[in-house]
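Structure data follow from structure00.txt (compact mmCIF, C-alpha atoms):
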# COMPACT_ATOMS: atom_id res chain seq x y z
CA MET A 1 125.34 111.60 104.78
CA MET A 2 125.24 112.99 108.30
CA PHE A 3 128.92 112.46 109.04
CA GLU A 4 131.97 114.34 107.86
CA SER A 5 134.53 111.63 108.42
CA LEU A 6 134.83 107.95 109.12
CA SER A 7 135.95 108.61 112.68
CA ALA A 8 132.88 110.78 113.28
CA PHE A 9 130.74 107.97 111.91
CA LEU A 10 132.40 105.45 114.22
CA SER A 11 132.21 107.62 117.33
CA MET A 12 128.56 108.60 116.76
CA GLY A 13 129.05 111.75 118.81
CA GLY A 14 130.19 109.73 121.82
CA HIS A 15 127.39 107.20 121.53
CA GLY A 16 129.44 104.85 119.35
CA PRO A 17 129.67 101.93 121.79
CA PHE A 18 125.90 101.96 122.31
CA VAL A 19 124.92 102.30 118.66
CA TRP A 20 127.44 99.80 117.35
CA SER A 21 126.79 97.18 120.00
CA ALA A 22 123.03 97.41 119.28
CA TYR A 23 123.61 96.93 115.55
CA GLY A 24 126.19 94.22 116.20
CA ILE A 25 123.82 92.20 118.36
CA ALA A 26 121.09 92.65 115.74
CA LEU A 27 123.50 91.26 113.15
CA ILE A 28 124.21 88.22 115.33
CA VAL A 29 120.50 87.53 115.93
CA PHE A 30 119.71 87.88 112.23
CA GLY A 31 122.71 85.80 111.22
CA TYR A 32 121.71 83.03 113.59
CA ASN A 33 118.15 83.10 112.24
CA ILE A 34 119.47 82.63 108.71
CA VAL A 35 122.15 80.02 109.38
CA ALA A 36 120.16 77.86 111.83
CA PRO A 37 117.27 76.90 109.49
CA ILE A 38 119.66 76.26 106.58
CA ARG A 39 121.79 73.92 108.68
CA GLN A 40 118.67 72.36 110.13
CA ARG A 41 117.40 71.63 106.62
CA LYS A 42 120.63 69.98 105.51
CA GLN A 43 120.69 67.86 108.63
CA MET A 44 117.04 66.92 108.16
CA LEU A 45 117.57 65.80 104.55
CA ARG A 46 120.44 63.60 105.71
CA GLU A 47 118.37 62.19 108.52
CA ILE A 48 115.43 61.40 106.25
CA ARG A 49 117.72 59.51 103.86
CA GLN A 50 118.97 57.45 106.81
CA ARG A 51 115.40 56.76 107.94
CA MET A 52 114.52 55.68 104.41
CA ASP A 53 117.50 53.31 104.24
CA ARG A 54 116.53 51.87 107.60
CA ASP A 55 112.90 51.44 106.55
CA ALA A 56 113.99 49.75 103.32
CA ALA A 57 116.30 47.34 105.12
CA MET B 1 87.93 80.14 98.52
CA TRP B 2 87.47 77.49 101.20
CA ASN B 3 88.63 74.88 98.80
CA TRP B 4 91.77 76.84 98.08
CA PHE B 5 92.32 77.33 101.80
CA HIS B 6 92.06 73.63 102.44
CA ARG B 7 94.51 72.77 99.74
CA LEU B 8 96.98 75.26 101.17
CA GLY B 9 96.61 73.42 104.47
CA SER B 10 97.91 70.25 102.87
CA PRO B 11 101.64 69.99 103.54
CA LYS B 12 102.48 69.04 99.97
CA THR B 13 100.76 72.04 98.38
CA PHE B 14 102.10 74.36 101.02
CA TYR B 15 105.62 73.08 100.47
CA ALA B 16 105.38 73.65 96.72
CA ILE B 17 103.84 77.13 96.90
CA SER B 18 106.11 78.39 99.67
CA GLY B 19 109.12 77.06 97.79
CA SER B 20 108.30 79.05 94.66
CA LEU B 21 107.53 82.28 96.54
CA LEU B 22 110.33 82.18 99.10
CA PRO B 23 113.20 83.43 96.89
CA TYR B 24 111.33 86.63 96.01
CA PHE B 25 110.46 87.32 99.62
CA CYS B 26 114.04 86.71 100.75
CA VAL B 27 115.43 89.11 98.14
CA LEU B 28 112.85 91.77 99.05
CA ALA B 29 113.58 91.34 102.76
CA GLY B 30 117.31 91.74 102.08
CA ILE B 31 116.80 94.89 100.00
CA LEU B 32 114.56 96.49 102.63
CA LEU B 33 116.89 95.66 105.52
CA VAL B 34 120.04 96.86 103.77
CA THR B 35 118.32 100.07 102.63
CA GLY B 36 116.90 100.64 106.11
CA ILE B 37 120.20 100.07 107.91
CA VAL B 38 122.24 102.32 105.59
CA TRP B 39 119.55 104.99 105.88
CA ALA B 40 119.30 104.70 109.65
CA LEU B 41 123.04 104.69 110.32
CA GLY B 42 124.19 107.27 107.81
CA PHE B 43 121.39 109.57 106.76
CA VAL B 44 118.94 110.07 109.60
CA PRO B 45 119.57 113.41 111.33
CA PRO B 46 120.69 113.09 114.97
CA ASP B 47 117.98 113.78 117.54
CA TYR B 48 118.24 117.20 119.18
CA GLN B 49 118.12 115.63 122.65
CA GLN B 50 119.49 112.13 122.19
CA GLY B 51 122.08 112.78 119.51
CA HIS B 52 123.19 109.76 117.52
CA SER B 53 121.92 107.18 120.01
CA VAL B 54 118.51 107.65 118.37
CA ARG B 55 119.80 105.33 115.62
CA ILE B 56 119.25 102.42 118.01
CA MET B 57 115.52 103.05 117.51
CA TYR B 58 115.74 101.56 114.01
CA ILE B 59 116.57 98.18 115.52
CA HIS B 60 114.68 98.49 118.79
CA VAL B 61 111.24 99.53 117.53
CA PRO B 62 110.99 97.01 114.65
CA SER B 63 112.17 94.15 116.85
CA ALA B 64 109.69 95.11 119.59
CA ILE B 65 106.86 95.30 117.04
CA LEU B 66 107.83 91.94 115.55
CA ALA B 67 108.22 90.35 118.97
CA GLN B 68 104.55 91.07 119.65
CA SER B 69 103.35 90.41 116.10
CA SER B 70 105.14 87.09 115.90
CA TYR B 71 103.58 86.06 119.20
CA MET B 72 100.17 87.03 117.84
CA MET B 73 100.76 84.98 114.69
CA MET B 74 101.99 82.02 116.72
CA ALA B 75 98.89 82.18 118.93
CA ALA B 76 96.63 82.52 115.88
CA ALA B 77 98.22 79.39 114.44
CA GLY B 78 97.62 77.70 117.79
CA LEU B 79 93.95 78.64 117.63
CA VAL B 80 93.65 77.28 114.09
CA TYR B 81 95.23 74.04 115.27
CA LEU B 82 92.92 73.69 118.28
CA VAL B 83 89.76 74.44 116.30
CA TRP B 84 90.35 72.80 112.91
CA ARG B 85 93.15 70.33 113.74
CA ILE B 86 95.17 71.46 110.74
CA LYS B 87 98.59 69.87 111.28
CA LEU B 88 100.34 72.61 109.37
CA ALA B 89 99.19 75.12 112.01
CA ASP B 90 100.92 73.07 114.69
CA VAL B 91 104.10 73.15 112.62
CA ALA B 92 103.72 76.94 112.38
CA VAL B 93 103.44 77.28 116.18
CA GLN B 94 106.51 75.15 116.71
CA CYS B 95 108.58 77.09 114.17
CA ALA B 96 107.54 80.60 115.24
CA ALA B 97 108.68 80.19 118.85
CA PRO B 98 112.47 80.21 118.39
CA ILE B 99 112.34 83.18 115.99
CA GLY B 100 110.08 85.11 118.35
CA THR B 101 112.43 84.37 121.24
CA GLY B 102 115.30 85.89 119.28
CA LEU B 103 113.33 88.99 118.31
CA THR B 104 112.14 89.59 121.87
CA PHE B 105 115.69 89.16 123.11
CA LEU B 106 116.81 91.72 120.53
CA ALA B 107 114.08 94.18 121.61
CA LEU B 108 115.07 93.82 125.27
CA ILE B 109 118.80 94.10 124.75
CA THR B 110 118.65 97.05 122.33
CA GLY B 111 116.18 98.75 124.67
CA SER B 112 118.65 98.28 127.48
CA ILE B 113 121.55 99.63 125.39
CA TRP B 114 119.44 102.61 124.35
CA GLY B 115 118.26 103.17 127.92
CA LYS B 116 121.75 103.68 129.32
CA PRO B 117 122.62 106.91 127.45
CA THR B 118 118.99 108.12 127.35
CA TRP B 119 117.56 107.30 130.78
CA GLY B 120 120.83 106.72 132.59
CA THR B 121 120.00 103.12 133.45
CA TRP B 122 120.21 99.74 131.73
CA TRP B 123 117.04 98.38 133.23
CA VAL B 124 114.07 99.37 135.38
CA TRP B 125 111.33 97.06 136.60
CA ASP B 126 108.57 99.09 135.06
CA ALA B 127 105.46 97.81 133.34
CA ARG B 128 106.59 97.98 129.71
CA LEU B 129 109.94 96.34 130.31
CA THR B 130 108.62 93.72 132.70
CA SER B 131 105.73 92.70 130.43
CA THR B 132 108.16 92.39 127.51
CA LEU B 133 110.37 90.17 129.66
CA VAL B 134 107.25 88.07 130.35
CA LEU B 135 106.76 87.82 126.56
CA PHE B 136 110.29 86.48 126.26
CA PHE B 137 109.58 83.81 128.88
CA LEU B 138 106.32 82.89 127.15
CA PHE B 139 108.23 82.18 123.94
CA VAL B 140 110.81 80.18 125.87
CA GLY B 141 107.98 78.37 127.66
CA VAL B 142 106.36 77.34 124.38
CA MET B 143 109.69 75.94 123.17
CA ALA B 144 110.41 74.18 126.46
CA LEU B 145 106.95 72.63 126.67
CA ARG B 146 107.26 71.36 123.12
CA SER B 147 110.64 69.77 123.67
CA ALA B 148 109.53 68.28 127.00
CA MET B 149 106.57 66.59 125.30
CA THR B 150 108.27 65.48 122.08
CA GLY B 151 106.62 62.45 120.60
CA LYS B 152 103.44 62.79 122.60
CA ALA B 153 100.22 63.32 120.68
CA SER B 154 99.10 66.00 123.11
CA ALA B 155 102.24 68.13 122.60
CA GLY B 156 100.63 70.22 119.88
CA ARG B 157 97.49 70.90 121.88
CA ALA B 158 99.40 71.79 125.04
CA THR B 159 101.72 74.26 123.29
CA ALA B 160 98.81 75.81 121.39
CA MET B 161 96.96 76.29 124.68
CA LEU B 162 99.98 77.89 126.35
CA ALA B 163 100.46 80.20 123.36
CA LEU B 164 96.80 81.22 123.50
CA VAL B 165 96.77 81.89 127.24
CA GLY B 166 99.85 84.07 126.83
CA VAL B 167 97.95 86.41 124.50
CA VAL B 168 96.69 88.16 127.66
CA ASN B 169 100.14 89.65 127.93
CA LEU B 170 99.94 91.48 124.58
CA PRO B 171 97.43 94.22 125.57
CA ILE B 172 99.37 94.61 128.82
CA ILE B 173 102.51 95.39 126.83
CA LYS B 174 100.61 97.70 124.52
CA TYR B 175 98.82 99.74 127.16
CA SER B 176 101.47 99.53 129.90
CA VAL B 177 102.80 102.94 128.93
CA ASP B 178 99.34 104.48 129.41
CA TRP B 179 98.19 102.53 132.48
CA TRP B 180 101.26 102.87 134.65
CA PHE B 181 103.81 105.54 135.26
CA THR B 182 106.88 104.42 133.38
CA LEU B 183 110.16 105.61 131.99
CA HIS B 184 109.25 104.19 128.62
CA GLN B 185 107.75 106.75 126.30
CA PRO B 186 104.31 106.11 124.79
CA SER B 187 104.11 105.01 121.18
CA SER B 188 104.91 107.68 118.61
CA PHE B 189 102.87 105.90 115.98
CA SER B 190 99.30 104.87 115.44
CA LEU B 191 97.24 103.95 112.44
CA THR B 192 94.85 106.85 112.92
CA GLU B 193 97.07 109.81 113.67
CA LYS B 194 99.95 111.51 111.98
CA PRO B 195 103.30 110.42 113.39
CA SER B 196 104.87 112.81 115.88
CA MET B 197 108.21 112.50 114.10
CA PRO B 198 109.43 114.23 110.97
CA PRO B 199 109.31 112.11 107.78
CA GLU B 200 113.09 111.86 107.50
CA MET B 201 112.98 109.95 110.79
CA TRP B 202 109.92 107.74 110.37
CA MET B 203 110.37 106.77 106.73
CA PRO B 204 113.50 104.67 107.37
CA LEU B 205 111.71 103.23 110.40
CA LEU B 206 108.85 102.11 108.17
CA VAL B 207 111.35 100.47 105.81
CA MET B 208 112.93 98.65 108.73
CA VAL B 209 109.59 97.46 110.12
CA LEU B 210 108.60 96.08 106.70
CA GLY B 211 112.04 94.49 106.35
CA PHE B 212 111.70 92.84 109.78
CA TYR B 213 108.24 91.51 108.87
CA LEU B 214 109.47 90.00 105.62
CA PHE B 215 112.53 88.60 107.32
CA PHE B 216 110.35 86.94 109.94
CA PHE B 217 108.16 85.38 107.23
CA CYS B 218 111.18 84.11 105.31
CA VAL B 219 112.89 82.39 108.21
CA TRP B 220 109.54 81.13 109.49
CA MET B 221 108.85 79.51 106.13
CA LEU B 222 112.34 78.01 106.02
CA ARG B 223 111.77 76.33 109.37
CA ILE B 224 108.22 75.25 108.53
CA ARG B 225 109.37 73.61 105.30
CA THR B 226 112.02 71.59 107.10
CA GLU B 227 109.56 70.48 109.77
CA ILE B 228 107.05 69.44 107.07
CA LEU B 229 109.71 67.15 105.60
CA ASN B 230 110.38 65.76 109.06
CA ARG B 231 106.75 64.93 109.73
CA GLU B 232 105.84 63.75 106.23
CA TYR B 233 108.95 61.76 105.45
CA ARG B 234 107.00 58.55 104.86
CA SER B 235 104.88 60.10 102.14
CA GLN B 236 105.86 59.50 98.57
CA TRP B 237 106.39 63.11 97.54
CA VAL B 238 108.97 63.67 100.30
CA GLN B 239 110.80 60.47 99.42
CA GLU B 240 110.95 61.50 95.78
CA LEU B 241 112.12 64.96 96.74
CA VAL B 242 114.87 63.73 99.03
CA GLN B 243 116.33 61.24 96.56
Would you kindly transcribe this structure into structure tokens?
Amino acid sequence: MMFESLSAFLSMGGHGPFVWSAYGIALIVFGYNIVAPIRQRKQMLREIRQRMDRDAA
Amino acid sequence: MWNWFHRLGSPKTFYAISGSLLPYFCVLAGILLVTGIVWALGFVPPDYQQGHSVRIMYIHVPSAILAQSSYMMMAAAGLVYLVWRIKLADVAVQCAAPIGTGLTFLALITGSIWGKPTWGTWWVWDARLTSTLVLFFLFVGVMALRSAMTGKASAGRATAMLALVGVVNLPIIKYSVDWWFTLHQPSSFSLTEKPSMPPEMWMPLLVMVLGFYLFFFCVWMLRIRTEILNREYRSQWVQELVQ
């Protein structure tokens, strides 16, 4: 570990805002890329069932 | 070999194979990314000039590499679609674009955040940054063209063409740091030479790059599988699967 305390870890030698915002934005982009296709899939399965019902009717 | 290739091009086979492989890839991607991030944030020594802001590199470099790689893969899929008319390749083009947009955005924004403490500016209109911004707009353009032409038979061909034309931009990004005077430093890595960084700095970077690659493949597959269901919903196997 390169840091002696939690506060040193958070401040990153004065570069804290830069480092943490970069990692934070990365987390958001990755999170979106995980959640979006999962939601898309659920929605698609629902939609296909509706299409099938419509086609059967 | 060709036979195998053709069967993989059939949506049904692809759906089955990707479904059985995906969990392993997702777990591996997760392990690599978590390892890489912990390593990069807590254990990499601070740079003697940049201090701790060098940790931004472990997001910036992998996302920039993947931004270009994912474009290359999208364009390759476009070429396959134009030449062999394999429908799955068109699905691949469509599904790569939004992920690539996100990765290029991440490369640009982390570059900007890293630039402020290192160069003293958020943004300069130099060759590397501008050509990467062009890459971002190419991804957006592919998505916009697709959604503008939804339902038209020519949508796949048009997007594949746009993706292919945009490949010109990739060597410009790559060589921009050598061709023009720029703030952006040249690449520290190549396949032929020893890295100019100590191992305790490039090893976590390698882990992150691999993690980003696997992550891209995983979310690409997730999207492709959904789009296969969308396009093949009339076929019997999809109807059985959905019920």
Which residues of chain A come within 8 Å of chain B, and for each one, what is the closest pair of atoms and their distance in Å to one decimal, counting only C-alpha atoms, sorted by chain and residue number, as a tab-separated table?
residue	atom	partner	partner_atom	distance
A:Met1	CA	B:Phe43	CA	4.9
A:Met2	CA	B:Phe43	CA	5.4
A:Phe3	CA	B:Gly42	CA	7.1
A:Phe9	CA	B:Gly42	CA	7.8
A:Met12	CA	B:His52	CA	5.5
A:Gly13	CA	B:His52	CA	6.3
A:His15	CA	B:Ser53	CA	5.7
A:Gly16	CA	B:Ser53	CA	7.9
A:Phe18	CA	B:Ile113	CA	5.8
A:Val19	CA	B:Ile56	CA	5.7
A:Ser21	CA	B:Ile113	CA	7.9
A:Ala22	CA	B:Thr110	CA	5.3
A:Tyr23	CA	B:Ile59	CA	7.2
A:Ile25	CA	B:Leu106	CA	7.4
A:Ala26	CA	B:Leu106	CA	6.5
A:Val29	CA	B:Gly102	CA	6.4
A:Asn33	CA	B:Val219	CA	6.7
A:Ile34	CA	B:Val219	CA	6.6
A:Pro37	CA	B:Arg223	CA	5.5
A:Ile38	CA	B:Leu222	CA	7.5
A:Gln40	CA	B:Thr226	CA	7.3
A:Arg41	CA	B:Thr226	CA	5.4
A:Met44	CA	B:Asn230	CA	6.8
A:Leu45	CA	B:Val242	CA	6.5
A:Ile48	CA	B:Tyr233	CA	6.5
A:Arg49	CA	B:Val242	CA	7.0
A:Met52	CA	B:Gln239	CA	7.9
Just the selected residues (C-alpha atoms), exported as a PDB file, keeping the file's coordinate frame, please.
ATOM      1  CA  MET A   1     125.340 111.600 104.780  1.00  0.00           C
ATOM      2  CA  MET A   2     125.240 112.990 108.300  1.00  0.00           C
ATOM      3  CA  PHE A   3     128.920 112.460 109.040  1.00  0.00           C
ATOM      4  CA  PHE A   9     130.740 107.970 111.910  1.00  0.00           C
ATOM      5  CA  MET A  12     128.560 108.600 116.760  1.00  0.00           C
ATOM      6  CA  GLY A  13     129.050 111.750 118.810  1.00  0.00           C
ATOM      7  CA  HIS A  15     127.390 107.200 121.530  1.00  0.00           C
ATOM      8  CA  GLY A  16     129.440 104.850 119.350  1.00  0.00           C
ATOM      9  CA  PHE A  18     125.900 101.960 122.310  1.00  0.00           C
ATOM     10  CA  VAL A  19     124.920 102.300 118.660  1.00  0.00           C
ATOM     11  CA  SER A  21     126.790  97.180 120.000  1.00  0.00           C
ATOM     12  CA  ALA A  22     123.030  97.410 119.280  1.00  0.00           C
ATOM     13  CA  TYR A  23     123.610  96.930 115.550  1.00  0.00           C
ATOM     14  CA  ILE A  25     123.820  92.200 118.360  1.00  0.00           C
ATOM     15  CA  ALA A  26     121.090  92.650 115.740  1.00  0.00           C
ATOM     16  CA  VAL A  29     120.500  87.530 115.930  1.00  0.00           C
ATOM     17  CA  ASN A  33     118.150  83.100 112.240  1.00  0.00           C
ATOM     18  CA  ILE A  34     119.470  82.630 108.710  1.00  0.00           C
ATOM     19  CA  PRO A  37     117.270  76.900 109.490  1.00  0.00           C
ATOM     20  CA  ILE A  38     119.660  76.260 106.580  1.00  0.00           C
ATOM     21  CA  GLN A  40     118.670  72.360 110.130  1.00  0.00           C
ATOM     22  CA  ARG A  41     117.400  71.630 106.620  1.00  0.00           C
ATOM     23  CA  MET A  44     117.040  66.920 108.160  1.00  0.00           C
ATOM     24  CA  LEU A  45     117.570  65.800 104.550  1.00  0.00           C
ATOM     25  CA  ILE A  48     115.430  61.400 106.250  1.00  0.00           C
ATOM     26  CA  ARG A  49     117.720  59.510 103.860  1.00  0.00           C
ATOM     27  CA  MET A  52     114.520  55.680 104.410  1.00  0.00           C
TER      28      MET A  52
END
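Residue neighbourhood of Pro204 in chain B, excluding near-sequence residues (fewer than 2 positions): B:Gly36, B:Trp39, B:Ala40, B:Met201, B:Trp202, B:Leu206, B:Val207, B:Met208, at 7 Å, using all atoms listed in the file.
In this model, the gap between CA of Ser147 in chain B and CA of Ile172 in chain B comes to 27.8 Å.
The two atoms in question, CA of Asp90 in chain B and CA of Arg157 in chain B, are spaced 8.3 Å apart.
Going from CA of Leu214 in chain B to CA of Met72 in chain B covers 15.6 Å.
Comparing the minimum interatomic distances between Thr121 in chain B and each of B:Leu183, B:Leu79, B:Gln68, B:Leu133, counting all atoms listed in the file, we find that B:Leu183 sits nearest.
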Written-out range 24-44 of chain B (N, CA and C atoms) as a tab-separated table (two decimals), in the first residue's frame:
chain	number	residue	atom	x	y	z
B	24	TYR	N	-18.37	-17.21	-17.95
B	24	TYR	CA	-16.93	-17.29	-17.63
B	24	TYR	C	-16.22	-15.98	-17.97
B	25	PHE	N	-16.55	-15.45	-19.16
B	25	PHE	CA	-15.91	-14.20	-19.57
B	25	PHE	C	-16.27	-13.06	-18.62
B	26	CYS	N	-17.52	-13.01	-18.20
B	26	CYS	CA	-17.94	-11.94	-17.29
B	26	CYS	C	-17.19	-12.02	-15.97
B	27	VAL	N	-17.06	-13.24	-15.43
B	27	VAL	CA	-16.37	-13.41	-14.15
B	27	VAL	C	-14.90	-13.00	-14.31
B	28	LEU	N	-14.28	-13.44	-15.40
B	28	LEU	CA	-12.87	-13.11	-15.64
B	28	LEU	C	-12.69	-11.60	-15.79
B	29	ALA	N	-13.60	-10.97	-16.54
B	29	ALA	CA	-13.53	-9.51	-16.71
B	29	ALA	C	-13.62	-8.82	-15.36
B	30	GLY	N	-14.55	-9.28	-14.51
B	30	GLY	CA	-14.72	-8.69	-13.19
B	30	GLY	C	-13.47	-8.83	-12.34
B	31	ILE	N	-12.88	-10.03	-12.35
B	31	ILE	CA	-11.67	-10.26	-11.56
B	31	ILE	C	-10.54	-9.35	-12.02
B	32	LEU	N	-10.34	-9.28	-13.34
B	32	LEU	CA	-9.26	-8.44	-13.87
B	32	LEU	C	-9.47	-6.97	-13.52
B	33	LEU	N	-10.70	-6.48	-13.67
B	33	LEU	CA	-10.95	-5.06	-13.43
B	33	LEU	C	-10.79	-4.71	-11.96
B	34	VAL	N	-11.32	-5.58	-11.08
B	34	VAL	CA	-11.20	-5.28	-9.64
B	34	VAL	C	-9.73	-5.32	-9.23
B	35	THR	N	-9.00	-6.36	-9.68
B	35	THR	CA	-7.57	-6.45	-9.38
B	35	THR	C	-6.84	-5.20	-9.87
B	36	GLY	N	-7.12	-4.85	-11.12
B	36	GLY	CA	-6.43	-3.71	-11.74
B	36	GLY	C	-6.70	-2.41	-11.01
B	37	ILE	N	-7.96	-2.20	-10.61
B	37	ILE	CA	-8.31	-0.93	-9.96
B	37	ILE	C	-7.67	-0.84	-8.57
B	38	VAL	N	-7.75	-1.93	-7.80
B	38	VAL	CA	-7.14	-1.92	-6.47
B	38	VAL	C	-5.63	-1.67	-6.59
B	39	TRP	N	-5.02	-2.36	-7.54
B	39	TRP	CA	-3.59	-2.23	-7.78
B	39	TRP	C	-3.24	-0.78	-8.17
B	40	ALA	N	-4.01	-0.25	-9.11
B	40	ALA	CA	-3.71	1.08	-9.64
B	40	ALA	C	-3.92	2.17	-8.60
B	41	LEU	N	-4.97	2.02	-7.78
B	41	LEU	CA	-5.28	3.08	-6.82
B	41	LEU	C	-4.41	3.00	-5.57
B	42	GLY	N	-4.09	1.77	-5.15
B	42	GLY	CA	-3.43	1.64	-3.85
B	42	GLY	C	-1.97	1.26	-3.89
B	43	PHE	N	-1.51	0.61	-4.94
B	43	PHE	CA	-0.18	0.01	-4.86
B	43	PHE	C	0.84	0.49	-5.88
B	44	VAL	N	0.37	1.23	-6.88
B	44	VAL	CA	1.32	1.77	-7.86
B	44	VAL	C	2.06	2.94	-7.22
